>>> print(open('final13.cif').read())   # mmCIF, C-alpha atoms
data_final
#
loop_
_atom_site.group_PDB
_atom_site.id
_atom_site.type_symbol
_atom_site.label_atom_id
_atom_site.label_comp_id
_atom_site.auth_asym_id
_atom_site.auth_seq_id
_atom_site.Cartn_x
_atom_site.Cartn_y
_atom_site.Cartn_z
ATOM 1 C CA MET A 1 -8.213 -12.382 11.024
ATOM 2 C CA LYS A 2 -10.706 -12.347 8.134
ATOM 3 C CA ARG A 3 -11.634 -15.404 6.070
ATOM 4 C CA ASP A 4 -12.773 -15.997 2.505
ATOM 5 C CA HIS A 5 -13.436 -19.702 2.035
ATOM 6 C CA ASP A 6 -10.131 -21.252 3.119
ATOM 7 C CA VAL A 7 -8.108 -18.045 2.701
ATOM 8 C CA SER A 8 -7.272 -15.749 5.599
ATOM 9 C CA LEU A 9 -4.955 -12.844 6.327
ATOM 10 C CA GLN A 10 -2.502 -13.028 9.182
ATOM 11 C CA PRO A 11 -0.293 -10.105 10.223
ATOM 12 C CA VAL A 12 3.401 -10.730 9.657
ATOM 13 C CA ARG A 13 5.336 -10.573 12.922
ATOM 14 C CA GLN A 14 8.678 -8.788 13.146
ATOM 15 C CA ASN A 15 10.577 -12.081 13.461
ATOM 16 C CA GLU A 16 8.926 -13.348 10.230
ATOM 17 C CA LEU A 17 9.905 -10.406 8.007
ATOM 18 C CA GLU A 18 13.118 -11.946 6.664
ATOM 19 C CA THR A 19 11.407 -15.163 5.512
ATOM 20 C CA PHE A 20 8.487 -13.139 4.110
ATOM 21 C CA LYS A 21 10.949 -10.953 2.169
ATOM 22 C CA VAL A 22 12.740 -13.963 0.648
ATOM 23 C CA LYS A 23 9.457 -15.574 -0.486
ATOM 24 C CA LEU A 24 8.263 -12.279 -1.957
ATOM 25 C CA GLN A 25 11.524 -11.807 -3.859
ATOM 26 C CA GLN A 26 11.382 -15.374 -5.185
ATOM 27 C CA ALA A 27 7.816 -14.859 -6.436
ATOM 28 C CA PHE A 28 8.590 -11.465 -8.011
ATOM 29 C CA SER A 29 11.765 -12.663 -9.717
ATOM 30 C CA ILE A 30 10.029 -15.288 -11.862
ATOM 31 C CA ALA A 31 8.546 -12.872 -14.420
ATOM 32 C CA VAL A 32 11.682 -10.711 -14.396
ATOM 33 C CA VAL A 33 13.903 -13.717 -15.169
ATOM 34 C CA GLU A 34 11.472 -14.932 -17.870
ATOM 35 C CA ASN A 35 11.523 -11.509 -19.557
ATOM 36 C CA PHE A 36 15.046 -10.259 -18.913
ATOM 37 C CA GLY A 37 17.170 -13.175 -17.713
ATOM 38 C CA LYS A 38 18.813 -13.792 -14.355
ATOM 39 C CA GLN A 39 19.433 -10.679 -12.296
ATOM 40 C CA GLU A 40 22.389 -9.913 -10.021
ATOM 41 C CA GLU A 41 20.255 -8.359 -7.266
ATOM 42 C CA PRO A 42 16.985 -9.581 -5.745
ATOM 43 C CA ILE A 43 13.736 -8.082 -7.095
ATOM 44 C CA PRO A 44 12.573 -5.940 -5.317
ATOM 45 C CA SER A 45 15.810 -5.012 -3.586
ATOM 46 C CA ASP A 46 16.261 -5.488 0.141
ATOM 47 C CA GLU A 47 16.371 -1.699 0.523
ATOM 48 C CA ASP A 48 13.090 -1.224 -1.375
ATOM 49 C CA LEU A 49 11.377 -3.858 0.747
ATOM 50 C CA GLU A 50 12.652 -2.329 3.992
ATOM 51 C CA ALA A 51 11.310 1.053 2.845
ATOM 52 C CA SER A 52 7.917 -0.530 2.049
ATOM 53 C CA PHE A 53 7.797 -2.365 5.381
ATOM 54 C CA GLN A 54 8.660 0.802 7.342
ATOM 55 C CA ALA A 55 6.525 3.283 5.350
ATOM 56 C CA PRO A 56 3.816 5.224 7.192
ATOM 57 C CA GLY A 57 0.574 3.242 7.176
ATOM 58 C CA ALA A 58 2.293 0.000 6.089
ATOM 59 C CA VAL A 59 0.469 -3.209 6.966
ATOM 60 C CA ILE A 60 1.987 -6.591 6.106
ATOM 61 C CA TYR A 61 0.002 -9.818 5.853
ATOM 62 C CA HIS A 62 0.614 -13.471 5.155
ATOM 63 C CA VAL A 63 -1.988 -15.031 2.878
ATOM 64 C CA ILE A 64 -2.942 -18.262 4.636
ATOM 65 C CA TRP A 65 -4.563 -21.194 2.813
ATOM 66 C CA LYS A 66 -5.292 -24.495 4.507
ATOM 67 C CA GLY A 67 -3.271 -23.355 7.499
ATOM 68 C CA GLN A 68 -0.114 -22.562 5.478
ATOM 69 C CA PRO A 69 1.363 -19.235 4.302
ATOM 70 C CA VAL A 70 1.063 -19.268 0.500
ATOM 71 C CA GLY A 71 1.657 -15.598 -0.242
ATOM 72 C CA GLY A 72 1.522 -12.135 1.179
ATOM 73 C CA ALA A 73 0.530 -8.521 0.825
ATOM 74 C CA VAL A 74 2.032 -5.182 1.789
ATOM 75 C CA LEU A 75 -0.571 -2.435 2.003
ATOM 76 C CA SER A 76 -0.394 1.298 2.644
ATOM 77 C CA ILE A 77 -3.448 2.363 4.605
ATOM 78 C CA ASN A 78 -4.321 6.053 4.872
ATOM 79 C CA SER A 79 -6.913 6.223 7.631
ATOM 80 C CA GLU A 80 -7.642 9.906 6.889
ATOM 81 C CA THR A 81 -8.326 9.790 3.140
ATOM 82 C CA GLN A 82 -9.096 6.061 2.813
ATOM 83 C CA HIS A 83 -7.175 6.107 -0.483
ATOM 84 C CA ASN A 84 -5.253 2.910 0.132
ATOM 85 C CA SER A 85 -2.580 1.127 -1.834
ATOM 86 C CA LEU A 86 -1.741 -2.482 -2.581
ATOM 87 C CA ASP A 87 2.020 -2.008 -2.689
ATOM 88 C CA LEU A 88 3.152 -5.621 -2.998
ATOM 89 C CA PHE A 89 1.112 -8.769 -3.486
ATOM 90 C CA PHE A 90 2.157 -12.318 -4.251
ATOM 91 C CA ILE A 91 0.975 -15.887 -4.239
ATOM 92 C CA LEU A 92 3.706 -18.511 -4.393
ATOM 93 C CA PRO A 93 3.834 -19.987 -7.920
ATOM 94 C CA GLN A 94 2.908 -23.525 -6.891
ATOM 95 C CA TYR A 95 -0.460 -22.143 -5.702
ATOM 96 C CA HIS A 96 -1.336 -20.141 -8.828
ATOM 97 C CA GLY A 97 -4.563 -20.897 -10.683
ATOM 98 C CA GLN A 98 -6.534 -22.051 -7.636
ATOM 99 C CA GLY A 99 -8.438 -18.833 -6.891
ATOM 100 C CA ILE A 100 -6.295 -18.061 -3.854
ATOM 101 C CA GLY A 101 -5.206 -14.639 -5.093
ATOM 102 C CA GLN A 102 -8.757 -13.515 -5.790
ATOM 103 C CA ALA A 103 -9.954 -14.856 -2.431
ATOM 104 C CA ALA A 104 -7.067 -13.048 -0.711
ATOM 105 C CA TRP A 105 -7.967 -9.792 -2.482
ATOM 106 C CA LYS A 106 -11.604 -10.119 -1.345
ATOM 107 C CA ALA A 107 -10.358 -10.685 2.218
ATOM 108 C CA ILE A 108 -8.252 -7.509 1.969
ATOM 109 C CA GLU A 109 -11.277 -5.533 0.760
ATOM 110 C CA ARG A 110 -13.337 -6.843 3.683
ATOM 111 C CA GLN A 111 -10.553 -6.000 6.128
ATOM 112 C CA TYR A 112 -10.711 -2.341 4.989
ATOM 113 C CA PRO A 113 -14.401 -1.634 4.249
ATOM 114 C CA GLU A 114 -13.948 2.142 4.656
ATOM 115 C CA THR A 115 -11.619 2.299 1.638
ATOM 116 C CA VAL A 116 -12.745 4.802 -0.978
ATOM 117 C CA VAL A 117 -10.112 3.969 -3.613
ATOM 118 C CA TRP A 118 -7.543 1.206 -3.907
ATOM 119 C CA ASN A 119 -4.544 1.626 -6.199
ATOM 120 C CA THR A 120 -1.668 -0.534 -7.314
ATOM 121 C CA VAL A 121 1.058 -0.619 -9.956
ATOM 122 C CA THR A 122 2.532 -3.420 -12.020
ATOM 123 C CA PRO A 123 5.273 -3.483 -14.682
ATOM 124 C CA TYR A 124 4.095 -3.587 -18.303
ATOM 125 C CA PHE A 125 5.451 -7.113 -18.855
ATOM 126 C CA GLU A 126 3.465 -8.700 -16.000
ATOM 127 C CA LYS A 127 0.557 -9.920 -18.144
ATOM 128 C CA ARG A 128 -0.623 -12.337 -15.477
ATOM 129 C CA ASN A 129 -0.880 -9.447 -12.967
ATOM 130 C CA ILE A 130 -2.685 -7.215 -15.460
ATOM 131 C CA HIS A 131 -5.244 -9.971 -16.111
ATOM 132 C CA PHE A 132 -5.644 -10.563 -12.373
ATOM 133 C CA TYR A 133 -6.168 -6.931 -11.367
ATOM 134 C CA VAL A 134 -8.487 -6.014 -14.260
ATOM 135 C CA ASN A 135 -10.452 -9.205 -14.913
ATOM 136 C CA LYS A 136 -10.517 -10.825 -11.470
ATOM 137 C CA CYS A 137 -10.405 -7.935 -8.984
ATOM 138 C CA GLY A 138 -12.198 -5.117 -10.816
ATOM 139 C CA PHE A 139 -9.384 -2.584 -11.059
ATOM 140 C CA LYS A 140 -9.246 -0.175 -13.998
ATOM 141 C CA ILE A 141 -6.024 0.855 -15.710
ATOM 142 C CA THR A 142 -5.911 4.620 -15.320
ATOM 143 C CA GLU A 143 -2.383 5.401 -16.524
ATOM 144 C CA PHE A 144 0.478 3.867 -18.446
ATOM 145 C CA TRP A 145 3.756 5.267 -17.188
ATOM 146 C CA ASN A 146 6.502 5.353 -19.817
ATOM 147 C CA GLU A 147 9.206 7.634 -21.181
ATOM 148 C CA HIS A 148 6.555 10.029 -22.578
ATOM 149 C CA HIS A 149 4.405 9.930 -19.430
ATOM 150 C CA PRO A 150 6.695 9.177 -16.454
ATOM 151 C CA GLU A 151 5.520 8.122 -13.019
ATOM 152 C CA PRO A 152 4.901 11.441 -11.226
ATOM 153 C CA HIS A 153 6.543 10.477 -7.924
ATOM 154 C CA ALA A 154 9.567 8.693 -9.363
ATOM 155 C CA PRO A 155 12.959 10.112 -8.433
ATOM 156 C CA GLU A 156 14.797 11.711 -11.309
ATOM 157 C CA ASP A 157 17.659 9.248 -11.030
ATOM 158 C CA GLU A 158 17.474 5.590 -12.016
ATOM 159 C CA SER A 159 17.518 4.294 -8.444
ATOM 160 C CA GLN A 160 13.754 4.509 -8.038
ATOM 161 C CA SER A 161 12.293 2.382 -5.304
ATOM 162 C CA GLY A 162 9.127 0.336 -4.984
ATOM 163 C CA PRO A 163 7.525 -2.507 -6.901
ATOM 164 C CA THR A 164 8.415 -1.053 -10.302
ATOM 165 C CA ALA A 165 12.000 -0.093 -9.453
ATOM 166 C CA GLY A 166 14.180 -0.148 -12.536
ATOM 167 C CA CYS A 167 11.169 -0.462 -14.820
ATOM 168 C CA ASP A 168 10.380 2.611 -16.887
ATOM 169 C CA GLU A 169 7.034 1.257 -18.132
ATOM 170 C CA ALA A 170 4.235 0.316 -15.755
ATOM 171 C CA PHE A 171 0.456 0.313 -15.463
ATOM 172 C CA TYR A 172 -1.274 2.234 -12.678
ATOM 173 C CA PHE A 173 -4.564 0.724 -11.535
ATOM 174 C CA GLU A 174 -7.414 2.093 -9.429
ATOM 175 C CA LYS A 175 -10.481 0.497 -7.965
ATOM 176 C CA ILE A 176 -13.173 2.888 -6.785
ATOM 177 C CA MET A 177 -15.218 1.206 -4.105
#
>>> encode(input="final13.cif", output="structure tokens")
Amino acid sequence: MKRDHDVSLQPVRQNELETFKVKLQQAFSIAVVENFGKQEEPIPSDEDLEASFQAPGAVIYHVIWKGQPVGGAVLSINSETQHNSLDLFFILPQYHGQGIGQAAWKAIERQYPETVVWNTVTPYFEKRNIHFYVNKCGFKITEFWNEHHPEPHAPEDESQSGPTAGCDEAFYFEKIM
């Protein structure tokens, strides 16, 4: 377990995955509801989260602050290439604006010091995320996926999975270490 001030990372145990999933979906749904209204299905879907949790190289952490889980991260770690991915990241809304997200990101970087490149994706409407990744964490926007420049690994049908499922416009970020 690594620490940054009062923030630490704690692996999510198998018996905690359901609660972790619900908290993640609640955090992710806020911006979707603000921009598009209430949705019928959870965001991301249960199926997308299961795929992320079971993906090769997946590592799942609670973000712990003052002894309490206040968020989480799902990473994809490629120990061969060290091109790693921040697949899902959230801080519960009541803890926003306190530096917890930035401290958690620094803890993730310290946990994986061999990383050559980090990447992540966020939907175009997530202005708070864009600010966080670029201005707080040092990522660079390297692509804007849209109808004229689609995400290269997206399935051809509309049932794409992952953090930008159902969103045809998203920013791709990289951080070269």
>>> resolve_selection(input="final13.cif", expression="the PyMOL selection byres ((chain A and resi 118) around 10)", output="list in words")
Leu75, Ser76, Ile77, Gln82, His83, Asn84, Ser85, Leu86, Glu109, Thr115, Val116, Val117, Asn119, Thr120, Phe139, Phe173, Glu174, Lys175, Ile176 and Met177 of chain A
>>> resolve_selection(input="final13.cif", expression="the PyMOL selection byres ((chain A and resi 87) around 12)", output="number ranges by chain")
A: 44, 48-49, 51-53, 55, 57-61, 72-77, 84-86, 88-90, 118-122, 161-164, 172-173
>>> atom_distance(input="final13.cif", atom1="CA of Gln26 (chain A)", atom2="CA of Val70 (chain A)")
12.4 Å
>>> resolve_selection(input="final13.cif", expression="the PyMOL selection byres ((chain A and resi 102) around 10)", output="ChimeraX atom specification")
/A:4,7,97-101,103-108,132-133,136-137
>>> write_last_selection(input="final13.cif", atoms="C-alpha atoms", output="PDB file, keeping the file's coordinate frame")
ATOM      1  CA  ASP A   4     -12.773 -15.997   2.505  1.00  0.00           C
ATOM      2  CA  VAL A   7      -8.108 -18.045   2.701  1.00  0.00           C
ATOM      3  CA  GLY A  97      -4.563 -20.897 -10.683  1.00  0.00           C
ATOM      4  CA  GLN A  98      -6.534 -22.051  -7.636  1.00  0.00           C
ATOM      5  CA  GLY A  99      -8.438 -18.833  -6.891  1.00  0.00           C
ATOM      6  CA  ILE A 100      -6.295 -18.061  -3.854  1.00  0.00           C
ATOM      7  CA  GLY A 101      -5.206 -14.639  -5.093  1.00  0.00           C
ATOM      8  CA  ALA A 103      -9.954 -14.856  -2.431  1.00  0.00           C
ATOM      9  CA  ALA A 104      -7.067 -13.048  -0.711  1.00  0.00           C
ATOM     10  CA  TRP A 105      -7.967  -9.792  -2.482  1.00  0.00           C
ATOM     11  CA  LYS A 106     -11.604 -10.119  -1.345  1.00  0.00           C
ATOM     12  CA  ALA A 107     -10.358 -10.685   2.218  1.00  0.00           C
ATOM     13  CA  ILE A 108      -8.252  -7.509   1.969  1.00  0.00           C
ATOM     14  CA  PHE A 132      -5.644 -10.563 -12.373  1.00  0.00           C
ATOM     15  CA  TYR A 133      -6.168  -6.931 -11.367  1.00  0.00           C
ATOM     16  CA  LYS A 136     -10.517 -10.825 -11.470  1.00  0.00           C
ATOM     17  CA  CYS A 137     -10.405  -7.935  -8.984  1.00  0.00           C
TER      18      CYS A 137
END
>>> residues_around(input="final13.cif", residues="Trp145 (chain A)", least_positions_apart="4", cutoff="9 Å", atoms="all atoms listed in the file", output="MDAnalysis selection string")
chainID A and resid 124 149:152 168:172
>>> closest_residue(input="final13.cif", among="A:Ile130, A:Pro69, A:Pro56, A:Glu40", to="Val12 (chain A)", atoms="all atoms listed in the file")
A:Pro69
>>> axis_aligned_box(input="final13.cif", around="region 28-32 of chain A", padding_each_side="8 Å", output="JSON")
{"center_x": 10.2, "center_y": -13.0, "center_z": -11.2, "size_x": 19.2, "size_y": 20.6, "size_z": 22.4}
>>> closest_residue(input="final13.cif", among="A:Val22, A:Gln68, A:Phe125, A:Glu114", to="Thr81 (chain A)", atoms="all atoms listed in the file")
A:Glu114
>>> atom_distance(input="final13.cif", atom1="CA of Glu16 (chain A)", atom2="CA of Gln39 (chain A)")
25.0 Å
>>> closest_residue(input="final13.cif", among="A:Glu147, A:Gly71, A:Ile43, A:Trp65", to="Pro93 (chain A)", atoms="only C-alpha atoms")
A:Gly71
